[in-house]
>>> print(open('work-v2.csv').read())   # CSV, C-alpha atoms and all ligand atoms
chain,number,residue,atom,x,y,z
Y,1,MET,CA,8.6,4.7,43.0
Y,2,THR,CA,8.7,4.4,46.7
Y,3,ASP,CA,9.6,7.2,49.0
Y,4,LYS,CA,10.2,5.5,52.3
Y,5,HIS,CA,11.4,8.0,54.9
Y,6,PRO,CA,14.4,6.8,56.8
Y,7,LEU,CA,15.2,7.3,60.5
Y,8,ILE,CA,18.5,8.9,61.2
Y,9,LEU,CA,20.6,7.3,63.9
Y,10,ASP,CA,23.2,10.0,64.3
Y,11,ILE,CA,25.1,12.8,62.6
Y,12,LYS,CA,28.7,12.7,63.6
Y,13,GLY,CA,30.8,15.8,62.8
Y,14,ASN,CA,34.6,16.2,62.6
Y,15,SER,CA,35.3,12.7,61.4
Y,16,LEU,CA,38.7,11.9,60.0
Y,17,ASP,CA,38.0,8.2,59.5
Y,18,ASP,CA,35.1,8.2,57.0
Y,19,GLY,CA,36.7,9.4,53.8
Y,20,PRO,CA,39.1,12.2,52.7
Y,21,GLY,CA,39.4,15.3,54.8
Y,22,ILE,CA,37.2,16.4,57.6
Y,23,ARG,CA,33.7,14.9,57.2
Y,24,SER,CA,30.3,14.8,58.7
Y,25,VAL,CA,28.8,11.3,58.7
Y,26,VAL,CA,25.0,10.8,58.5
Y,27,PHE,CA,24.0,7.3,59.7
Y,28,PHE,CA,20.8,5.9,58.3
Y,29,LYS,CA,18.8,3.3,60.2
Y,30,GLY,CA,17.9,0.1,58.5
Y,31,CYS,CA,19.9,-2.5,56.5
Y,32,PRO,CA,19.0,-5.3,54.1
Y,33,LEU,CA,21.9,-7.4,55.4
Y,34,SER,CA,22.2,-8.9,58.9
Y,35,CYS,CA,25.9,-9.5,59.4
Y,36,VAL,CA,26.6,-11.5,62.6
Y,37,TRP,CA,29.6,-9.2,63.4
Y,38,CYS,CA,27.7,-5.9,62.8
Y,39,HIS,CA,29.3,-3.3,65.0
Y,40,ASN,CA,26.3,-1.0,64.6
Y,41,PRO,CA,23.5,-3.5,65.5
Y,42,GLU,CA,21.2,-0.5,66.3
Y,43,SER,CA,21.3,0.3,62.5
Y,44,LYS,CA,19.8,-3.1,61.4
Y,45,LYS,CA,16.1,-2.4,61.9
Y,46,THR,CA,14.4,0.5,60.0
Y,47,GLY,CA,12.0,1.3,62.9
Y,48,SER,CA,12.6,3.1,66.2
Y,49,GLU,CA,14.1,1.2,69.1
Y,50,ILE,CA,14.8,1.8,72.7
Y,51,ALA,CA,18.3,1.3,74.2
Y,52,PHE,CA,19.3,0.8,77.8
Y,53,ASP,CA,22.9,1.4,78.9
Y,54,PRO,CA,23.3,-0.1,82.4
Y,55,ALA,CA,26.6,1.8,82.9
Y,56,GLU,CA,24.7,5.1,82.8
Y,57,CYS,CA,21.8,4.0,85.1
Y,58,VAL,CA,21.8,5.7,88.5
Y,59,GLY,CA,19.1,3.4,89.9
Y,60,CYS,CA,16.5,6.1,90.5
Y,61,ASP,CA,13.6,3.8,89.4
Y,62,THR,CA,11.8,6.7,87.7
Y,63,CYS,CA,11.3,4.6,84.6
Y,64,LEU,CA,9.7,1.8,86.5
Y,65,THR,CA,7.2,4.2,87.8
Y,66,VAL,CA,6.3,6.0,84.6
Y,67,CYS,CA,6.1,3.0,82.3
Y,68,PRO,CA,2.4,2.6,81.5
Y,69,GLU,CA,2.9,-1.1,80.4
Y,70,LYS,CA,5.1,-2.1,83.4
Y,71,VAL,CA,7.5,-3.8,81.1
Y,72,LEU,CA,10.7,-2.7,82.9
Y,73,SER,CA,12.3,-5.1,85.4
Y,74,ARG,CA,15.7,-5.6,86.9
Y,75,ARG,CA,15.1,-9.3,86.8
Y,76,ASN,CA,15.1,-9.1,83.0
Y,77,PRO,CA,18.7,-9.3,81.7
Y,78,PHE,CA,17.8,-6.8,79.0
Y,79,PHE,CA,15.9,-4.6,81.5
Y,80,ILE,CA,13.0,-4.1,79.0
Y,81,ASP,CA,10.5,-6.6,77.7
Y,82,ARG,CA,10.6,-5.3,74.1
Y,83,ASP,CA,7.8,-7.7,73.0
Y,84,ARG,CA,5.4,-5.7,75.2
Y,85,CYS,CA,7.0,-2.3,75.0
Y,86,THR,CA,4.8,0.1,73.0
Y,87,LEU,CA,7.7,2.5,72.3
Y,88,CYS,CA,5.9,5.4,73.9
Y,89,PHE,CA,9.3,6.7,75.2
Y,90,ALA,CA,7.8,8.0,78.4
Y,91,CYS,CA,10.7,6.4,80.3
Y,92,VAL,CA,13.3,8.0,78.0
Y,93,ASP,CA,11.8,11.4,78.5
Y,94,GLU,CA,12.0,11.0,82.3
Y,95,CYS,CA,15.3,9.2,82.7
Y,96,PRO,CA,17.6,11.7,84.3
Y,97,SER,CA,20.9,10.1,83.3
Y,98,GLY,CA,20.5,9.2,79.6
Y,99,ALA,CA,20.7,5.5,80.4
Y,100,LEU,CA,17.5,5.0,78.4
Y,101,SER,CA,17.5,6.5,74.9
Y,102,ARG,CA,15.5,6.5,71.7
Y,103,VAL,CA,17.3,5.0,68.7
Y,104,GLY,CA,16.5,6.7,65.4
Y,105,ARG,CA,14.8,10.0,64.7
Y,106,GLU,CA,13.0,11.4,61.8
Y,107,MET,CA,14.8,14.2,60.0
Y,108,THR,CA,13.9,16.0,56.7
Y,109,VAL,CA,16.5,16.5,53.9
Y,110,ASP,CA,16.5,20.2,54.9
Y,111,GLU,CA,17.2,19.4,58.5
Y,112,ILE,CA,20.1,17.1,57.6
Y,113,VAL,CA,21.6,19.7,55.3
Y,114,ALA,CA,21.2,22.4,57.9
Y,115,ALA,CA,23.1,20.2,60.4
Y,116,VAL,CA,26.0,19.6,58.2
Y,117,VAL,CA,26.4,22.8,56.1
Y,118,ARG,CA,27.7,24.8,59.0
Y,119,ASP,CA,30.9,22.7,58.7
Y,120,LYS,CA,31.4,23.5,55.0
Y,121,PRO,CA,34.4,25.8,55.7
Y,122,PHE,CA,36.1,22.8,57.3
Y,123,PHE,CA,35.1,20.5,54.4
Y,124,ASP,CA,36.5,23.0,51.9
Y,125,THR,CA,39.8,23.6,53.6
Y,126,SER,CA,40.5,19.9,54.2
Y,127,GLY,CA,39.1,18.3,51.1
Y,128,GLY,CA,36.3,16.7,53.1
Y,129,GLY,CA,32.5,16.6,52.8
Y,130,VAL,CA,29.6,14.5,53.9
Y,131,THR,CA,29.6,10.7,54.2
Y,132,LEU,CA,26.3,8.8,54.1
Y,133,SER,CA,26.5,5.6,56.1
Y,134,GLY,CA,24.3,3.3,58.0
Y,135,GLY,CA,22.7,1.0,58.1
Y,136,GLU,CA,22.2,1.2,54.3
Y,137,PRO,CA,21.4,4.6,52.7
Y,138,THR,CA,20.3,3.0,49.4
Y,139,LEU,CA,17.3,1.4,51.2
Y,140,PHE,CA,15.7,4.8,50.7
Y,141,PRO,CA,16.4,5.6,47.1
Y,142,ASP,CA,14.2,8.7,46.7
Y,143,PHE,CA,15.2,10.2,50.0
Y,144,LEU,CA,18.9,9.5,49.2
Y,145,ALA,CA,18.7,11.1,45.8
Y,146,ARG,CA,17.0,14.2,47.3
Y,147,LEU,CA,19.6,14.5,50.1
Y,148,LEU,CA,22.5,14.1,47.6
Y,149,ALA,CA,21.0,16.7,45.3
Y,150,ALA,CA,20.6,19.1,48.3
Y,151,LEU,CA,24.2,18.5,49.4
Y,152,LYS,CA,25.5,19.0,45.8
Y,153,ALA,CA,23.5,22.3,45.6
Y,154,GLU,CA,25.5,23.5,48.6
Y,155,GLY,CA,28.7,22.5,46.8
Y,156,ILE,CA,29.5,19.6,49.3
Y,157,HIS,CA,31.6,16.6,48.4
Y,158,THR,CA,29.6,13.4,48.8
Y,159,LEU,CA,30.7,9.8,49.8
Y,160,LEU,CA,28.4,6.9,50.0
Y,161,GLU,CA,29.1,3.8,52.1
Y,162,THR,CA,27.1,0.8,50.8
Y,163,CYS,CA,26.7,-2.9,51.2
Y,164,GLY,CA,25.8,-3.1,47.5
Y,165,GLN,CA,22.4,-4.8,48.1
Y,166,PHE,CA,20.3,-2.2,46.1
Y,167,ASN,CA,18.0,-1.9,43.1
Y,168,GLU,CA,20.5,-1.2,40.4
Y,169,ALA,CA,18.3,0.7,38.0
Y,170,GLY,CA,17.1,3.2,40.5
Y,171,PHE,CA,20.5,3.7,42.0
Y,172,MET,CA,22.3,4.3,38.7
Y,173,GLU,CA,19.6,6.7,37.6
Y,174,GLN,CA,19.0,8.7,40.8
Y,175,ALA,CA,21.9,8.5,43.2
Y,176,LEU,CA,25.0,7.7,41.2
Y,177,PRO,CA,25.3,11.0,39.3
Y,178,LEU,CA,25.4,12.8,42.6
Y,179,VAL,CA,28.1,10.7,44.4
Y,180,ASP,CA,31.8,11.5,44.3
Y,181,ILE,CA,33.1,8.4,46.1
Y,182,ILE,CA,31.6,5.0,46.8
Y,183,TYR,CA,32.9,2.8,49.5
Y,184,TYR,CA,31.6,-0.6,48.6
Y,185,ASP,CA,31.7,-3.6,51.0
Y,186,ILE,CA,32.6,-7.0,49.6
Y,187,LYS,CA,32.6,-9.3,52.5
Y,188,LEU,CA,32.5,-12.9,51.3
Y,189,ILE,CA,32.7,-14.4,47.8
Y,190,ASP,CA,31.2,-17.8,48.6
Y,191,PRO,CA,27.4,-17.3,48.3
Y,192,ASP,CA,26.5,-19.9,50.9
Y,193,LEU,CA,28.8,-18.4,53.5
Y,194,HIS,CA,27.5,-14.9,52.6
Y,195,LYS,CA,24.0,-16.1,53.2
Y,196,LYS,CA,25.0,-17.8,56.4
Y,197,TYR,CA,26.9,-14.8,57.9
Y,198,CYS,CA,25.1,-11.8,56.3
Y,199,GLY,CA,21.6,-13.1,55.9
Y,200,VAL,CA,21.3,-12.8,52.1
Y,201,ALA,CA,23.2,-14.3,49.1
Y,202,ASN,CA,25.7,-12.1,47.4
Y,203,ARG,CA,24.6,-12.3,43.8
Y,204,THR,CA,23.1,-8.8,43.6
Y,205,ILE,CA,26.0,-7.3,45.5
Y,206,LEU,CA,28.6,-8.7,43.1
Y,207,GLU,CA,26.5,-7.9,40.0
Y,208,ASN,CA,26.0,-4.3,41.1
Y,209,PHE,CA,29.7,-4.0,41.8
Y,210,ILE,CA,30.6,-5.2,38.3
Y,211,ARG,CA,28.2,-2.6,36.8
Y,212,LEU,CA,29.7,0.1,38.9
Y,213,THR,CA,33.3,-0.8,37.8
Y,214,LYS,CA,32.2,0.0,34.3
Y,215,SER,CA,30.8,3.4,35.2
Y,216,ALA,CA,33.8,4.2,37.5
Y,217,GLY,CA,36.1,3.6,34.5
Y,218,LYS,CA,34.6,6.6,32.9
Y,219,GLY,CA,36.0,8.7,35.7
Y,220,LYS,CA,32.8,10.1,37.1
Y,221,PHE,CA,33.3,8.9,40.6
Y,222,MET,CA,35.8,6.9,42.7
Y,223,LEU,CA,34.9,3.3,43.6
Y,224,LEU,CA,36.8,1.7,46.6
Y,225,PRO,CA,35.9,-1.9,47.6
Y,226,ARG,CA,36.3,-2.7,51.2
Y,227,THR,CA,36.5,-5.9,53.2
Y,228,PRO,CA,36.1,-6.1,57.0
Y,229,LEU,CA,38.5,-8.5,58.6
Y,230,ILE,CA,36.5,-10.8,60.8
Y,231,PRO,CA,38.5,-13.7,62.2
Y,232,GLY,CA,37.3,-17.1,61.0
Y,233,ILE,CA,34.6,-15.5,58.7
Y,234,THR,CA,36.0,-13.0,56.2
Y,235,ALA,CA,39.6,-13.0,57.3
Y,236,THR,CA,40.5,-16.4,55.9
Y,237,PRO,CA,43.1,-16.9,53.1
Y,238,GLU,CA,40.5,-18.6,51.0
Y,239,ASN,CA,38.0,-15.7,51.1
Y,240,LEU,CA,40.6,-13.0,50.8
Y,241,SER,CA,42.2,-14.7,47.8
Y,242,ALA,CA,38.8,-15.1,46.2
Y,243,ILE,CA,38.0,-11.4,46.8
Y,244,ALA,CA,41.4,-10.3,45.5
Y,245,LYS,CA,41.0,-12.4,42.4
Y,246,PHE,CA,37.4,-11.1,41.8
Y,247,LEU,CA,38.7,-7.5,42.1
Y,248,ALA,CA,41.7,-8.1,39.9
Y,249,ASP,CA,39.4,-9.7,37.2
Y,250,HIS,CA,37.5,-6.4,37.1
Y,251,ASP,CA,40.7,-4.2,36.9
Y,252,ILE,CA,40.5,-2.9,40.5
Y,253,LYS,CA,43.9,-1.5,41.7
Y,254,ASN,CA,43.0,-0.3,45.2
Y,255,ALA,CA,41.0,-1.8,48.0
Y,256,GLN,CA,40.7,-1.3,51.8
Y,257,LEU,CA,40.9,-3.9,54.5
Y,258,LEU,CA,38.9,-2.7,57.5
Y,259,PRO,CA,40.4,-3.4,60.9
Y,260,TYR,CA,38.3,-5.7,63.1
Y,261,ASN,CA,36.7,-4.1,66.2
Y,262,PRO,CA,36.6,-6.8,69.0
Y,263,LEU,CA,34.3,-4.8,71.1
Y,264,TRP,CA,31.3,-5.3,68.8
Y,265,PRO,CA,29.3,-7.9,70.7
Y,266,ALA,CA,28.6,-5.6,73.7
Y,267,LYS,CA,26.5,-3.2,71.8
Y,268,ASN,CA,23.8,-5.8,71.1
Y,269,GLN,CA,22.9,-6.1,74.8
Y,270,LYS,CA,21.8,-2.4,74.9
Y,271,ILE,CA,19.1,-3.0,72.3
Y,272,GLY,CA,17.9,-6.3,73.6
Y,273,ILE,CA,19.8,-8.7,71.5
Y,274,ALA,CA,21.8,-11.6,73.1
Y,275,GLU,CA,25.5,-11.3,72.3
Y,276,PRO,CA,26.2,-13.4,69.2
Y,277,LYS,CA,28.6,-16.3,69.5
Y,278,LYS,CA,32.1,-15.5,68.3
Y,279,THR,CA,33.9,-17.8,65.9
Y,280,THR,CA,36.5,-20.2,67.3
Y,281,ASP,CA,39.1,-18.1,65.5
Y,282,ASP,CA,38.1,-15.0,67.3
Y,283,SER,CA,40.4,-14.4,70.3
Y,284,GLY,CA,38.6,-11.1,71.2
Y,285,ASN,CA,41.8,-9.2,70.5
Y,286,TRP,CA,42.7,-6.7,67.8
Y,287,ILE,CA,44.3,-8.5,64.8
Y,288,PRO,CA,48.1,-8.2,65.1
Y,289,ARG,CA,49.9,-5.9,62.6
Y,290,GLU,CA,51.9,-8.8,61.1
Y,291,GLN,CA,48.6,-10.7,60.4
Y,292,ILE,CA,47.1,-7.7,58.6
Y,293,MET,CA,50.3,-7.4,56.5
Y,294,ALA,CA,49.9,-11.0,55.5
Y,295,TYR,CA,46.4,-10.3,54.4
Y,296,GLN,CA,47.6,-7.3,52.5
Y,297,SER,CA,50.1,-9.4,50.7
Y,298,ILE,CA,47.3,-11.6,49.3
Y,299,PHE,CA,45.9,-8.5,47.6
Y,300,ALA,CA,49.3,-7.3,46.5
Y,301,ASP,CA,49.9,-10.7,44.8
Y,302,HIS,CA,46.9,-9.7,42.6
Y,303,GLY,CA,48.2,-6.2,41.9
Y,304,ILE,CA,45.9,-4.5,44.4
Y,305,ALA,CA,47.2,-1.9,46.9
Y,306,THR,CA,45.5,-1.9,50.3
W,401,LIG,S1,9.0,3.1,75.9
W,401,LIG,FE1,7.0,3.2,77.0
W,401,LIG,S2,6.3,1.1,77.1
W,401,LIG,FE2,8.4,1.0,76.5
W,401,LIG,S3,9.5,0.7,78.4
W,401,LIG,FE3,9.5,2.9,78.0
W,401,LIG,S4,7.7,3.7,79.1
W,401,LIG,FE4,7.5,1.4,79.0
W,402,LIG,S1,15.1,6.3,84.9
W,402,LIG,FE1,17.1,6.0,83.9
W,402,LIG,S2,18.6,6.2,85.6
W,402,LIG,FE2,16.6,5.9,86.6
W,402,LIG,S3,16.5,3.7,86.9
W,402,LIG,FE3,15.5,4.1,84.9
W,402,LIG,S4,17.2,3.8,83.4
W,402,LIG,FE4,18.1,4.0,85.5
>>> encode(input="work-v2.csv", output="structure tokens", more="lines below")
Ligand code: SF4
Ligand code: SF4
Amino acid sequence: MTDKHPLILDIKGNSLDDGPGIRSVVFFKGCPLSCVWCHNPESKKTGSEIAFDPAECVGCDTCLTVCPEKVLSRRNPFFIDRDRCTLCFACVDECPSGALSRVGREMTVDEIVAAVVRDKPFFDTSGGGVTLSGGEPTLFPDFLARLLAALKAEGIHTLLETCGQFNEAGFMEQALPLVDIIYYDIKLIDPDLHKKYCGVANRTILENFIRLTKSAGKGKFMLLPRTPLIPGITATPENLSAIAKFLADHDIKNAQLLPYNPLWPAKNQKIGIAEPKKTTDDSGNWIPREQIMAYQSIFADHGIAT
């Protein structure tokens, strides 16, 4: 049994968008998928990273002076030569404006629980709790199980957001008994397209989902499949019809269509990744309400409310 220790990207309190009630969201760093539209690109790698936000830089040049490797340069479009950066974080410590930052920090289970438990009165009065997100929390099965157990010991409602690419046996045994709600992403049904756009085939994801539908039917937890609407990739009539049919075949009555965030490419630049190319169908705008209603009707035709 592995006990990989995750880095935590952030803990966001007072969220109203990540499950029922008022919630604190714990973001794990590291994901087995690599979706081209990922709006949290800093969550893809498991290790520490350094981020640079040019909008925050005041041009003091302190970082250029303190960097022992001399890998910072204004001629570099990403400012930092990450191939030569040793992640000593001397520049981050000295940057007066916060333009340079460390991405990912080690936290123990006790530290995470201490950070969220102070909001328990808000969880209790609103029907909220803690949402574990990422990245992908199931990449760290032992840590995840210990964290869930500690949250449950405090009487805190738990919600897990997952891409579904996990070891089924370990998950069912360790984490599932401690989860109240699972938000489960189903992005693409075609295995080749899934591999093309998410970096891995979707066989494990779909098989794990089917297993979970059987456990959810026993009423122990709530399972909500979700599909992000990405123009020209997931948001096509063919893909949405195939997902709706797959869900209906497994007796799913509710799903969620996640609105598309057109601002996602800009975050890549901060951690040294060139902005990915958008699809030809991507206008860079929010998807109009009428279009979303058309997508919802595809699911409604299969008896699924979104
Ligand atoms: S983390 Fe260290 S090596 Fe990397 S750019 Fe900053 S000072 Fe230089
Ligand atoms: S230390 Fe921070 S504010 Fe100063 S030049 Fe470097 S990144 Fe910009």
>>> closest_atom_pairs(input="work-v2.csv", of="chain Y", to="ligand LIG 401 (chain W)", cutoff="9 Å", atoms="all atoms listed in the file", output="CSV")
residue,atom,partner,partner_atom,distance
Y:Glu49,CA,W:LIG401,S1,8.7
Y:Ile50,CA,W:LIG401,S1,6.8
Y:Cys63,CA,W:LIG401,S4,6.6
Y:Leu64,CA,W:LIG401,FE4,7.8
Y:Thr65,CA,W:LIG401,S4,8.7
Y:Val66,CA,W:LIG401,S4,6.1
Y:Cys67,CA,W:LIG401,S4,3.6
Y:Pro68,CA,W:LIG401,FE4,5.8
Y:Glu69,CA,W:LIG401,S2,5.2
Y:Lys70,CA,W:LIG401,FE4,6.1
Y:Val71,CA,W:LIG401,FE4,5.6
Y:Leu72,CA,W:LIG401,S3,5.8
Y:Phe79,CA,W:LIG401,S3,8.9
Y:Ile80,CA,W:LIG401,S3,6.0
Y:Asp81,CA,W:LIG401,S3,7.4
Y:Arg82,CA,W:LIG401,FE2,7.1
Y:Arg84,CA,W:LIG401,S2,7.1
Y:Cys85,CA,W:LIG401,FE2,3.9
Y:Thr86,CA,W:LIG401,S2,4.5
Y:Leu87,CA,W:LIG401,S1,3.9
Y:Cys88,CA,W:LIG401,FE1,4.0
Y:Phe89,CA,W:LIG401,S1,3.7
Y:Ala90,CA,W:LIG401,S4,4.4
Y:Cys91,CA,W:LIG401,S4,4.2
Y:Val92,CA,W:LIG401,FE3,6.4
Y:Asp93,CA,W:LIG401,S4,8.7
Y:Leu100,CA,W:LIG401,FE3,8.3
Y:Arg102,CA,W:LIG401,S1,8.5
>>> residues_near_ligand(input="work-v2.csv", ligand="ligand LIG 402 (chain W)", cutoff="6 Å", atoms="all atoms listed in the file", output="MDAnalysis selection string")
chainID Y and resid 57:63 95:97 99:100
>>> atom_distance(input="work-v2.csv", atom1="atom CA of Y:Asn76", atom2="atom CA of Y:Cys35")
26.0 Å
>>> residues_around(input="work-v2.csv", residues="Y:Gly129", least_positions_apart="5", cutoff="7 Å", atoms="all atoms listed in the file", output="mmCIF file with C-alpha atoms, in the coordinates of the input")
data_model
loop_
_atom_site.group_PDB
_atom_site.id
_atom_site.type_symbol
_atom_site.label_atom_id
_atom_site.label_comp_id
_atom_site.auth_asym_id
_atom_site.auth_seq_id
_atom_site.Cartn_x
_atom_site.Cartn_y
_atom_site.Cartn_z
ATOM 1 C CA ILE Y 22 37.200 16.400 57.600
ATOM 2 C CA ARG Y 23 33.700 14.900 57.200
ATOM 3 C CA SER Y 24 30.300 14.800 58.700
ATOM 4 C CA PHE Y 123 35.100 20.500 54.400
ATOM 5 C CA ILE Y 156 29.500 19.600 49.300
ATOM 6 C CA HIS Y 157 31.600 16.600 48.400
ATOM 7 C CA THR Y 158 29.600 13.400 48.800
#
>>> residues_around(input="work-v2.csv", residues="Y:Leu212", least_positions_apart="2", cutoff="12 Å", atoms="only C-alpha atoms", output="JSON, numbers by chain")
{"Y": [164, 168, 169, 171, 172, 176, 177, 181, 182, 183, 184, 205, 206, 207, 208, 209, 210, 214, 215, 216, 217, 218, 219, 220, 221, 222, 223, 224, 225, 250, 251, 252]}
>>> atom_distance(input="work-v2.csv", atom1="atom CA of Y:Ser43", atom2="atom CA of Y:Gly104")
8.5 Å
>>> closest_residue(input="work-v2.csv", among="Y:Tyr295, Y:Phe166, Y:Phe28, Y:Phe246", to="Y:Ser48", atoms="all atoms listed in the file")
Y:Phe28
>>> atom_distance(input="work-v2.csv", atom1="atom CA of Y:Thr306", atom2="atom CA of Y:Cys198")
23.5 Å
>>> closest_residue(input="work-v2.csv", among="Y:Leu193, Y:Ala51, Y:Ala255, Y:Ile8", to="Y:Val109", atoms="only C-alpha atoms")
Y:Ile8
>>> closest_residue(input="work-v2.csv", among="Y:Val130, Y:Leu151, Y:Ala294, Y:Trp37", to="Y:Gly19", atoms="all atoms listed in the file")
Y:Val130
>>> closest_residue(input="work-v2.csv", among="Y:Ile11, Y:Leu144, Y:Val36, Y:Leu247", to="Y:Ile189", atoms="all atoms listed in the file")
Y:Leu247
>>> closest_residue(input="work-v2.csv", among="Y:Ala150, Y:Leu188, Y:Leu139, Y:Ala274", to="Y:Gly170", atoms="all atoms listed in the file")
Y:Leu139
>>> residues_near_point(input="work-v2.csv", point="(22.6, -1.7, 60.4)", cutoff="6 Å", atoms="only C-alpha atoms", output="compact mmCIF listing (two decimals) with C-alpha atoms, in the frame of the given file")
# COMPACT_ATOMS: atom_id res chain seq x y z
CA GLY Y 30 17.90 0.10 58.50
CA CYS Y 31 19.90 -2.50 56.50
CA ASN Y 40 26.30 -1.00 64.60
CA PRO Y 41 23.50 -3.50 65.50
CA SER Y 43 21.30 0.30 62.50
CA LYS Y 44 19.80 -3.10 61.40
CA GLY Y 134 24.30 3.30 58.00
CA GLY Y 135 22.70 1.00 58.10
>>> closest_residue(input="work-v2.csv", among="Y:Arg105, Y:Arg203, Y:His302, Y:Lys152", to="Y:Gln165", atoms="all atoms listed in the file")
Y:Arg203
